[in-house]
Amino acid sequence: MMYSSFSKTLAPGIRLGWLYAGSFYAKSERVRFALGRTVSPVYQELVLKLLQGSSYERHLRLFRKKLGQQAVQVVEVLRNSFPEGSYFHRPKGGYSIWGQLPENTDMKRFYQYCEEHQVLFTPGNTFSFADKYYFHFRVIFTERITSESIVLLKNAGAKAKELQF
């Protein structure tokens, strides 16, 4: 069985995806029927038209190129703005950058600062049952990068430098 969504590549609110159910097709149809129709037929028709033509493939090529450019831009800002000893992984795909701050960083105050200033980092320990990733965080770079978002990242880096002990 395989499934995916169009929400990351087309529009977050579209709530439309696909399912290859294989031998579970009959069961999946019963579940779909039981859950009711929650996706707009207009969205379904729009995505079908995109998939039947070359528009979606062209969109994906441009989208991947833009994401790659944004990843490079965000990693560069992070590497230049955060404390010495920080690490930022440049992704080869996907939508996020993994960062790690030095272990002498007050992470609680760092995340408080980020929350107060709308800097959307996801703490690394939310991805593990252990405290193994306490000094790690994830940055998503799918939204359009603006001069304001660059300033927010730079300010977060300056704050991280202040919070070294």
# chains A, B, ... in the order shown; residues from 1 in each chain; ligands from 1

$ residues_around --residues "Ala156 (chain A)" --least-positions-apart "6" --cutoff "9 Å" --atoms "only C-alpha atoms" --output "MDAnalysis selection string"
chainID A and resid 81:82 110 113:114 117 119

$ residues_around --residues "Thr146 (chain A)" --least-positions-apart "4" --cutoff "12 Å" --atoms "only C-alpha atoms" --output "PyMOL selection string"
chain A and resi 70+73-74+141-142+150-153

$ write_last_selection --atoms "all heavy atoms" --output "PDB file, in the first residue's frame"
ATOM      1  N   GLN A  70      16.125  28.107  -1.603  1.00  0.00           N
ATOM      2  CA  GLN A  70      15.777  28.553  -0.260  1.00  0.00           C
ATOM      3  C   GLN A  70      16.570  27.792   0.792  1.00  0.00           C
ATOM      4  O   GLN A  70      16.989  28.370   1.801  1.00  0.00           O
ATOM      5  CB  GLN A  70      14.268  28.419  -0.012  1.00  0.00           C
ATOM      6  CG  GLN A  70      13.467  29.414  -0.786  1.00  0.00           C
ATOM      7  CD  GLN A  70      11.992  29.423  -0.485  1.00  0.00           C
ATOM      8  OE1 GLN A  70      11.291  30.221  -1.064  1.00  0.00           O
ATOM      9  NE2 GLN A  70      11.480  28.598   0.392  1.00  0.00           N
ATOM     10  N   GLN A  73      19.988  29.308   0.936  1.00  0.00           N
ATOM     11  CA  GLN A  73      19.913  30.632   1.562  1.00  0.00           C
ATOM     12  C   GLN A  73      19.756  30.531   3.077  1.00  0.00           C
ATOM     13  O   GLN A  73      20.465  31.205   3.823  1.00  0.00           O
ATOM     14  CB  GLN A  73      18.746  31.413   0.955  1.00  0.00           C
ATOM     15  CG  GLN A  73      18.633  32.835   1.448  1.00  0.00           C
ATOM     16  CD  GLN A  73      17.468  33.577   0.811  1.00  0.00           C
ATOM     17  OE1 GLN A  73      16.576  32.981   0.207  1.00  0.00           O
ATOM     18  NE2 GLN A  73      17.461  34.882   0.949  1.00  0.00           N
ATOM     19  N   VAL A  74      18.860  29.665   3.537  1.00  0.00           N
ATOM     20  CA  VAL A  74      18.616  29.530   4.978  1.00  0.00           C
ATOM     21  C   VAL A  74      19.839  28.936   5.675  1.00  0.00           C
ATOM     22  O   VAL A  74      20.243  29.414   6.739  1.00  0.00           O
ATOM     23  CB  VAL A  74      17.335  28.705   5.246  1.00  0.00           C
ATOM     24  CG1 VAL A  74      17.199  28.357   6.716  1.00  0.00           C
ATOM     25  CG2 VAL A  74      16.102  29.472   4.771  1.00  0.00           C
ATOM     26  N   PHE A 141      11.759  25.278   5.503  1.00  0.00           N
ATOM     27  CA  PHE A 141      12.051  26.386   4.586  1.00  0.00           C
ATOM     28  C   PHE A 141      11.118  26.414   3.377  1.00  0.00           C
ATOM     29  O   PHE A 141      11.481  26.932   2.325  1.00  0.00           O
ATOM     30  CB  PHE A 141      13.516  26.336   4.125  1.00  0.00           C
ATOM     31  CG  PHE A 141      13.916  25.035   3.487  1.00  0.00           C
ATOM     32  CD1 PHE A 141      13.717  24.804   2.145  1.00  0.00           C
ATOM     33  CD2 PHE A 141      14.481  24.029   4.253  1.00  0.00           C
ATOM     34  CE1 PHE A 141      14.071  23.606   1.558  1.00  0.00           C
ATOM     35  CE2 PHE A 141      14.855  22.836   3.689  1.00  0.00           C
ATOM     36  CZ  PHE A 141      14.643  22.621   2.335  1.00  0.00           C
ATOM     37  N   THR A 142       9.903  25.906   3.525  1.00  0.00           N
ATOM     38  CA  THR A 142       8.995  25.847   2.380  1.00  0.00           C
ATOM     39  C   THR A 142       8.281  27.167   2.099  1.00  0.00           C
ATOM     40  O   THR A 142       7.881  27.412   0.970  1.00  0.00           O
ATOM     41  CB  THR A 142       7.930  24.758   2.582  1.00  0.00           C
ATOM     42  OG1 THR A 142       7.251  24.995   3.803  1.00  0.00           O
ATOM     43  CG2 THR A 142       8.558  23.386   2.570  1.00  0.00           C
ATOM     44  N   ILE A 150      14.641  36.570   7.189  1.00  0.00           N
ATOM     45  CA  ILE A 150      16.104  36.528   7.320  1.00  0.00           C
ATOM     46  C   ILE A 150      16.523  37.253   8.598  1.00  0.00           C
ATOM     47  O   ILE A 150      17.361  36.769   9.357  1.00  0.00           O
ATOM     48  CB  ILE A 150      16.797  37.144   6.084  1.00  0.00           C
ATOM     49  CG1 ILE A 150      16.506  36.322   4.829  1.00  0.00           C
ATOM     50  CG2 ILE A 150      18.291  37.309   6.312  1.00  0.00           C
ATOM     51  CD1 ILE A 150      17.029  34.915   4.844  1.00  0.00           C
ATOM     52  N   VAL A 151      15.920  38.410   8.847  1.00  0.00           N
ATOM     53  CA  VAL A 151      16.228  39.167  10.066  1.00  0.00           C
ATOM     54  C   VAL A 151      15.863  38.344  11.301  1.00  0.00           C
ATOM     55  O   VAL A 151      16.620  38.304  12.279  1.00  0.00           O
ATOM     56  CB  VAL A 151      15.508  40.539  10.071  1.00  0.00           C
ATOM     57  CG1 VAL A 151      15.571  41.207  11.435  1.00  0.00           C
ATOM     58  CG2 VAL A 151      16.094  41.448   9.003  1.00  0.00           C
ATOM     59  N   LEU A 152      14.718  37.670  11.274  1.00  0.00           N
ATOM     60  CA  LEU A 152      14.313  36.831  12.405  1.00  0.00           C
ATOM     61  C   LEU A 152      15.329  35.723  12.669  1.00  0.00           C
ATOM     62  O   LEU A 152      15.678  35.452  13.826  1.00  0.00           O
ATOM     63  CB  LEU A 152      12.929  36.222  12.158  1.00  0.00           C
ATOM     64  CG  LEU A 152      11.741  37.171  12.243  1.00  0.00           C
ATOM     65  CD1 LEU A 152      10.461  36.467  11.794  1.00  0.00           C
ATOM     66  CD2 LEU A 152      11.580  37.722  13.647  1.00  0.00           C
ATOM     67  N   LEU A 153      15.819  35.084  11.612  1.00  0.00           N
ATOM     68  CA  LEU A 153      16.829  34.034  11.773  1.00  0.00           C
ATOM     69  C   LEU A 153      18.136  34.601  12.341  1.00  0.00           C
ATOM     70  O   LEU A 153      18.749  34.004  13.233  1.00  0.00           O
ATOM     71  CB  LEU A 153      17.098  33.327  10.443  1.00  0.00           C
ATOM     72  CG  LEU A 153      16.015  32.407   9.914  1.00  0.00           C
ATOM     73  CD1 LEU A 153      16.386  31.890   8.533  1.00  0.00           C
ATOM     74  CD2 LEU A 153      15.783  31.254  10.864  1.00  0.00           C
TER      75      LEU A 153
END

$ residues_around --residues "Val75 (chain A)" --least-positions-apart "3" --cutoff "8 Å" --atoms "only C-alpha atoms" --output "PDB file with C-alpha atoms, in the first residue's frame"
ATOM      1  CA  ALA A  71      17.579  25.707   1.517  1.00  0.00           C
ATOM      2  CA  VAL A  72      20.964  27.141   0.480  1.00  0.00           C
ATOM      3  CA  LEU A  78      22.128  29.976   9.979  1.00  0.00           C
ATOM      4  CA  ARG A  79      25.829  29.181   9.597  1.00  0.00           C
ATOM      5  CA  PHE A  88      23.441  22.852  10.174  1.00  0.00           C
ATOM      6  CA  HIS A  89      22.813  20.011   7.755  1.00  0.00           C
ATOM      7  CA  ARG A  90      22.194  21.070   4.161  1.00  0.00           C
ATOM      8  CA  ILE A  97      17.138  21.706   7.845  1.00  0.00           C
TER       9      ILE A  97
END

$ atom_distance --atom1 "CA of Gly36 (chain A)" --atom2 "CA of Leu48 (chain A)"
20.0 Å

$ atom_distance --atom1 "CA of Ala34 (chain A)" --atom2 "CA of Leu46 (chain A)"
24.3 Å

$ atom_distance --atom1 "CA of Tyr87 (chain A)" --atom2 "CA of Val139 (chain A)"
12.6 Å

$ residues_around --residues "region 9-13 of chain A" --least-positions-apart "4" --cutoff "9 Å" --atoms "only C-alpha atoms" --output "PyMOL selection string"
chain A and resi 5+56+59-60+63

$ residues_around --residues "Tyr3 (chain A)" --least-positions-apart "4" --cutoff "8 Å" --atoms "only C-alpha atoms" --output "list in words"
Gly17, Trp18, Leu19 and Tyr20 of chain A

$ closest_residue --among "A:Leu163, A:Met107, A:Leu67, A:Ile140" --to "Pro83 (chain A)" --atoms "only C-alpha atoms"
A:Leu163

$ select_by_dssp --residues "region 67-164 of chain A" --states "strand (DSSP E or B)" --output "PyMOL selection string"
chain A and resi 87-89+96-100+105+121-123+136-140+164

$ write_last_selection --atoms "N, CA and C atoms" --output "PDB file, in the first residue's frame"
ATOM      1  N   TYR A  87      25.951  23.401  14.191  1.00  0.00           N
ATOM      2  CA  TYR A  87      26.007  22.596  12.967  1.00  0.00           C
ATOM      3  C   TYR A  87      24.660  22.663  12.281  1.00  0.00           C
ATOM      4  N   PHE A  88      24.668  22.826  10.965  1.00  0.00           N
ATOM      5  CA  PHE A  88      23.441  22.852  10.174  1.00  0.00           C
ATOM      6  C   PHE A  88      23.623  21.950   8.966  1.00  0.00           C
ATOM      7  N   HIS A  89      22.744  20.996   8.829  1.00  0.00           N
ATOM      8  CA  HIS A  89      22.813  20.011   7.755  1.00  0.00           C
ATOM      9  C   HIS A  89      22.099  20.540   6.525  1.00  0.00           C
ATOM     10  N   SER A  96      13.175  20.457   5.256  1.00  0.00           N
ATOM     11  CA  SER A  96      13.679  20.943   6.527  1.00  0.00           C
ATOM     12  C   SER A  96      15.197  20.851   6.625  1.00  0.00           C
ATOM     13  N   ILE A  97      15.715  21.673   7.523  1.00  0.00           N
ATOM     14  CA  ILE A  97      17.138  21.706   7.845  1.00  0.00           C
ATOM     15  C   ILE A  97      17.255  21.323   9.312  1.00  0.00           C
ATOM     16  N   TRP A  98      18.183  20.428   9.606  1.00  0.00           N
ATOM     17  CA  TRP A  98      18.452  20.051  10.990  1.00  0.00           C
ATOM     18  C   TRP A  98      19.624  20.865  11.495  1.00  0.00           C
ATOM     19  N   GLY A  99      19.427  21.453  12.682  1.00  0.00           N
ATOM     20  CA  GLY A  99      20.477  22.232  13.300  1.00  0.00           C
ATOM     21  C   GLY A  99      20.834  21.674  14.663  1.00  0.00           C
ATOM     22  N   GLN A 100      22.042  21.983  15.094  1.00  0.00           N
ATOM     23  CA  GLN A 100      22.482  21.587  16.422  1.00  0.00           C
ATOM     24  C   GLN A 100      23.272  22.737  17.011  1.00  0.00           C
ATOM     25  N   THR A 105      24.459  25.871  25.507  1.00  0.00           N
ATOM     26  CA  THR A 105      23.386  26.792  25.145  1.00  0.00           C
ATOM     27  C   THR A 105      22.185  26.552  26.056  1.00  0.00           C
ATOM     28  N   PHE A 121      11.066  27.124  15.027  1.00  0.00           N
ATOM     29  CA  PHE A 121      11.971  25.988  15.121  1.00  0.00           C
ATOM     30  C   PHE A 121      11.245  24.890  15.884  1.00  0.00           C
ATOM     31  N   THR A 122      11.388  23.657  15.452  1.00  0.00           N
ATOM     32  CA  THR A 122      10.821  22.532  16.187  1.00  0.00           C
ATOM     33  C   THR A 122      11.937  21.891  17.004  1.00  0.00           C
ATOM     34  N   PRO A 123      11.765  21.821  18.322  1.00  0.00           N
ATOM     35  CA  PRO A 123      12.807  21.212  19.154  1.00  0.00           C
ATOM     36  C   PRO A 123      13.087  19.770  18.744  1.00  0.00           C
ATOM     37  N   HIS A 136      19.260  19.934  19.416  1.00  0.00           N
ATOM     38  CA  HIS A 136      18.940  19.949  17.983  1.00  0.00           C
ATOM     39  C   HIS A 136      17.597  20.642  17.753  1.00  0.00           C
ATOM     40  N   PHE A 137      17.406  21.118  16.528  1.00  0.00           N
ATOM     41  CA  PHE A 137      16.113  21.655  16.133  1.00  0.00           C
ATOM     42  C   PHE A 137      15.951  21.526  14.621  1.00  0.00           C
ATOM     43  N   ARG A 138      14.702  21.640  14.201  1.00  0.00           N
ATOM     44  CA  ARG A 138      14.378  21.540  12.779  1.00  0.00           C
ATOM     45  C   ARG A 138      13.838  22.877  12.310  1.00  0.00           C
ATOM     46  N   VAL A 139      14.258  23.288  11.122  1.00  0.00           N
ATOM     47  CA  VAL A 139      13.787  24.511  10.474  1.00  0.00           C
ATOM     48  C   VAL A 139      13.129  24.112   9.161  1.00  0.00           C
ATOM     49  N   ILE A 140      11.920  24.561   8.936  1.00  0.00           N
ATOM     50  CA  ILE A 140      11.225  24.311   7.670  1.00  0.00           C
ATOM     51  C   ILE A 140      11.451  25.519   6.768  1.00  0.00           C
ATOM     52  N   GLN A 164      24.908  31.455  25.582  1.00  0.00           N
ATOM     53  CA  GLN A 164      26.001  30.517  25.846  1.00  0.00           C
ATOM     54  C   GLN A 164      26.453  30.706  27.282  1.00  0.00           C
TER      55      GLN A 164
END

$ closest_residue --among "A:Val31, A:Leu16, A:Met2, A:Ala26" --to "Gln44 (chain A)" --atoms "only C-alpha atoms"
A:Leu16

$ closest_residue --among "A:Phe127, A:Tyr43, A:Phe24, A:Tyr111" --to "Ser7 (chain A)" --atoms "only C-alpha atoms"
A:Tyr43

$ decode --residues "region 94-106 of chain A" --atoms "all heavy atoms" --output "PDB file, in the first residue's frame"
ATOM      1  N   GLY A  94      13.652  17.168   0.577  1.00  0.00           N
ATOM      2  CA  GLY A  94      12.779  17.412   1.717  1.00  0.00           C
ATOM      3  C   GLY A  94      12.499  18.876   1.931  1.00  0.00           C
ATOM      4  O   GLY A  94      12.729  19.716   1.056  1.00  0.00           O
ATOM      5  N   TYR A  95      12.024  19.179   3.134  1.00  0.00           N
ATOM      6  CA  TYR A  95      11.535  20.520   3.444  1.00  0.00           C
ATOM      7  C   TYR A  95      12.163  21.117   4.698  1.00  0.00           C
ATOM      8  O   TYR A  95      11.702  22.134   5.182  1.00  0.00           O
ATOM      9  CB  TYR A  95      10.022  20.480   3.666  1.00  0.00           C
ATOM     10  CG  TYR A  95       9.252  19.866   2.532  1.00  0.00           C
ATOM     11  CD1 TYR A  95       8.796  18.564   2.588  1.00  0.00           C
ATOM     12  CD2 TYR A  95       8.982  20.612   1.393  1.00  0.00           C
ATOM     13  CE1 TYR A  95       8.081  18.003   1.543  1.00  0.00           C
ATOM     14  CE2 TYR A  95       8.277  20.058   0.343  1.00  0.00           C
ATOM     15  CZ  TYR A  95       7.827  18.759   0.427  1.00  0.00           C
ATOM     16  OH  TYR A  95       7.135  18.218  -0.612  1.00  0.00           O
ATOM     17  N   SER A  96      13.175  20.457   5.256  1.00  0.00           N
ATOM     18  CA  SER A  96      13.679  20.943   6.527  1.00  0.00           C
ATOM     19  C   SER A  96      15.197  20.851   6.625  1.00  0.00           C
ATOM     20  O   SER A  96      15.841  20.088   5.909  1.00  0.00           O
ATOM     21  CB  SER A  96      13.043  20.162   7.678  1.00  0.00           C
ATOM     22  OG  SER A  96      13.337  18.784   7.569  1.00  0.00           O
ATOM     23  N   ILE A  97      15.715  21.673   7.523  1.00  0.00           N
ATOM     24  CA  ILE A  97      17.138  21.706   7.845  1.00  0.00           C
ATOM     25  C   ILE A  97      17.255  21.323   9.312  1.00  0.00           C
ATOM     26  O   ILE A  97      16.506  21.833  10.153  1.00  0.00           O
ATOM     27  CB  ILE A  97      17.710  23.126   7.636  1.00  0.00           C
ATOM     28  CG1 ILE A  97      17.621  23.503   6.159  1.00  0.00           C
ATOM     29  CG2 ILE A  97      19.137  23.227   8.167  1.00  0.00           C
ATOM     30  CD1 ILE A  97      17.834  24.971   5.882  1.00  0.00           C
ATOM     31  N   TRP A  98      18.183  20.428   9.606  1.00  0.00           N
ATOM     32  CA  TRP A  98      18.452  20.051  10.990  1.00  0.00           C
ATOM     33  C   TRP A  98      19.624  20.865  11.495  1.00  0.00           C
ATOM     34  O   TRP A  98      20.651  20.974  10.836  1.00  0.00           O
ATOM     35  CB  TRP A  98      18.753  18.561  11.091  1.00  0.00           C
ATOM     36  CG  TRP A  98      17.506  17.762  10.963  1.00  0.00           C
ATOM     37  CD1 TRP A  98      17.022  17.171   9.843  1.00  0.00           C
ATOM     38  CD2 TRP A  98      16.566  17.501  11.998  1.00  0.00           C
ATOM     39  NE1 TRP A  98      15.831  16.554  10.121  1.00  0.00           N
ATOM     40  CE2 TRP A  98      15.530  16.738  11.442  1.00  0.00           C
ATOM     41  CE3 TRP A  98      16.489  17.840  13.343  1.00  0.00           C
ATOM     42  CZ2 TRP A  98      14.431  16.309  12.169  1.00  0.00           C
ATOM     43  CZ3 TRP A  98      15.393  17.410  14.081  1.00  0.00           C
ATOM     44  CH2 TRP A  98      14.384  16.660  13.491  1.00  0.00           C
ATOM     45  N   GLY A  99      19.427  21.453  12.682  1.00  0.00           N
ATOM     46  CA  GLY A  99      20.477  22.232  13.300  1.00  0.00           C
ATOM     47  C   GLY A  99      20.834  21.674  14.663  1.00  0.00           C
ATOM     48  O   GLY A  99      20.029  20.982  15.290  1.00  0.00           O
ATOM     49  N   GLN A 100      22.042  21.983  15.094  1.00  0.00           N
ATOM     50  CA  GLN A 100      22.482  21.587  16.422  1.00  0.00           C
ATOM     51  C   GLN A 100      23.272  22.737  17.011  1.00  0.00           C
ATOM     52  O   GLN A 100      24.193  23.261  16.375  1.00  0.00           O
ATOM     53  CB  GLN A 100      23.355  20.338  16.364  1.00  0.00           C
ATOM     54  CG  GLN A 100      23.838  19.887  17.719  1.00  0.00           C
ATOM     55  CD  GLN A 100      24.701  18.631  17.638  1.00  0.00           C
ATOM     56  OE1 GLN A 100      24.963  18.107  16.552  1.00  0.00           O
ATOM     57  NE2 GLN A 100      25.139  18.145  18.782  1.00  0.00           N
ATOM     58  N   LEU A 101      22.901  23.136  18.218  1.00  0.00           N
ATOM     59  CA  LEU A 101      23.616  24.192  18.917  1.00  0.00           C
ATOM     60  C   LEU A 101      24.622  23.574  19.883  1.00  0.00           C
ATOM     61  O   LEU A 101      24.467  22.421  20.301  1.00  0.00           O
ATOM     62  CB  LEU A 101      22.628  25.085  19.680  1.00  0.00           C
ATOM     63  CG  LEU A 101      21.658  25.881  18.808  1.00  0.00           C
ATOM     64  CD1 LEU A 101      20.720  26.721  19.662  1.00  0.00           C
ATOM     65  CD2 LEU A 101      22.406  26.769  17.833  1.00  0.00           C
ATOM     66  N   PRO A 102      25.650  24.339  20.254  1.00  0.00           N
ATOM     67  CA  PRO A 102      26.621  23.817  21.223  1.00  0.00           C
ATOM     68  C   PRO A 102      25.926  23.459  22.540  1.00  0.00           C
ATOM     69  O   PRO A 102      24.916  24.056  22.913  1.00  0.00           O
ATOM     70  CB  PRO A 102      27.583  24.999  21.413  1.00  0.00           C
ATOM     71  CG  PRO A 102      27.424  25.832  20.186  1.00  0.00           C
ATOM     72  CD  PRO A 102      25.996  25.675  19.774  1.00  0.00           C
ATOM     73  N   GLU A 103      26.514  22.517  23.250  1.00  0.00           N
ATOM     74  CA  GLU A 103      25.888  22.016  24.476  1.00  0.00           C
ATOM     75  C   GLU A 103      25.958  22.997  25.639  1.00  0.00           C
ATOM     76  O   GLU A 103      25.409  22.726  26.701  1.00  0.00           O
ATOM     77  CB  GLU A 103      26.494  20.665  24.851  1.00  0.00           C
ATOM     78  CG  GLU A 103      26.107  19.594  23.856  1.00  0.00           C
ATOM     79  CD  GLU A 103      26.567  18.205  24.251  1.00  0.00           C
ATOM     80  OE1 GLU A 103      27.058  18.019  25.386  1.00  0.00           O
ATOM     81  OE2 GLU A 103      26.428  17.302  23.418  1.00  0.00           O
ATOM     82  N   ASN A 104      26.569  24.135  25.436  1.00  0.00           N
ATOM     83  CA  ASN A 104      26.571  25.163  26.480  1.00  0.00           C
ATOM     84  C   ASN A 104      25.536  26.254  26.185  1.00  0.00           C
ATOM     85  O   ASN A 104      25.690  27.397  26.581  1.00  0.00           O
ATOM     86  CB  ASN A 104      27.975  25.771  26.632  1.00  0.00           C
ATOM     87  CG  ASN A 104      28.425  26.499  25.376  1.00  0.00           C
ATOM     88  OD1 ASN A 104      27.968  26.216  24.276  1.00  0.00           O
ATOM     89  ND2 ASN A 104      29.341  27.434  25.539  1.00  0.00           N
ATOM     90  N   THR A 105      24.459  25.871  25.507  1.00  0.00           N
ATOM     91  CA  THR A 105      23.386  26.792  25.145  1.00  0.00           C
ATOM     92  C   THR A 105      22.185  26.552  26.056  1.00  0.00           C
ATOM     93  O   THR A 105      21.792  25.412  26.278  1.00  0.00           O
ATOM     94  CB  THR A 105      22.940  26.578  23.680  1.00  0.00           C
ATOM     95  OG1 THR A 105      24.080  26.654  22.830  1.00  0.00           O
ATOM     96  CG2 THR A 105      21.915  27.615  23.259  1.00  0.00           C
ATOM     97  N   ASP A 106      21.615  27.627  26.569  1.00  0.00           N
ATOM     98  CA  ASP A 106      20.400  27.528  27.381  1.00  0.00           C
ATOM     99  C   ASP A 106      19.223  27.363  26.415  1.00  0.00           C
ATOM    100  O   ASP A 106      18.647  28.343  25.939  1.00  0.00           O
ATOM    101  CB  ASP A 106      20.232  28.776  28.244  1.00  0.00           C
ATOM    102  CG  ASP A 106      19.051  28.705  29.201  1.00  0.00           C
ATOM    103  OD1 ASP A 106      18.106  27.905  28.953  1.00  0.00           O
ATOM    104  OD2 ASP A 106      19.064  29.449  30.195  1.00  0.00           O
TER     105      ASP A 106
END
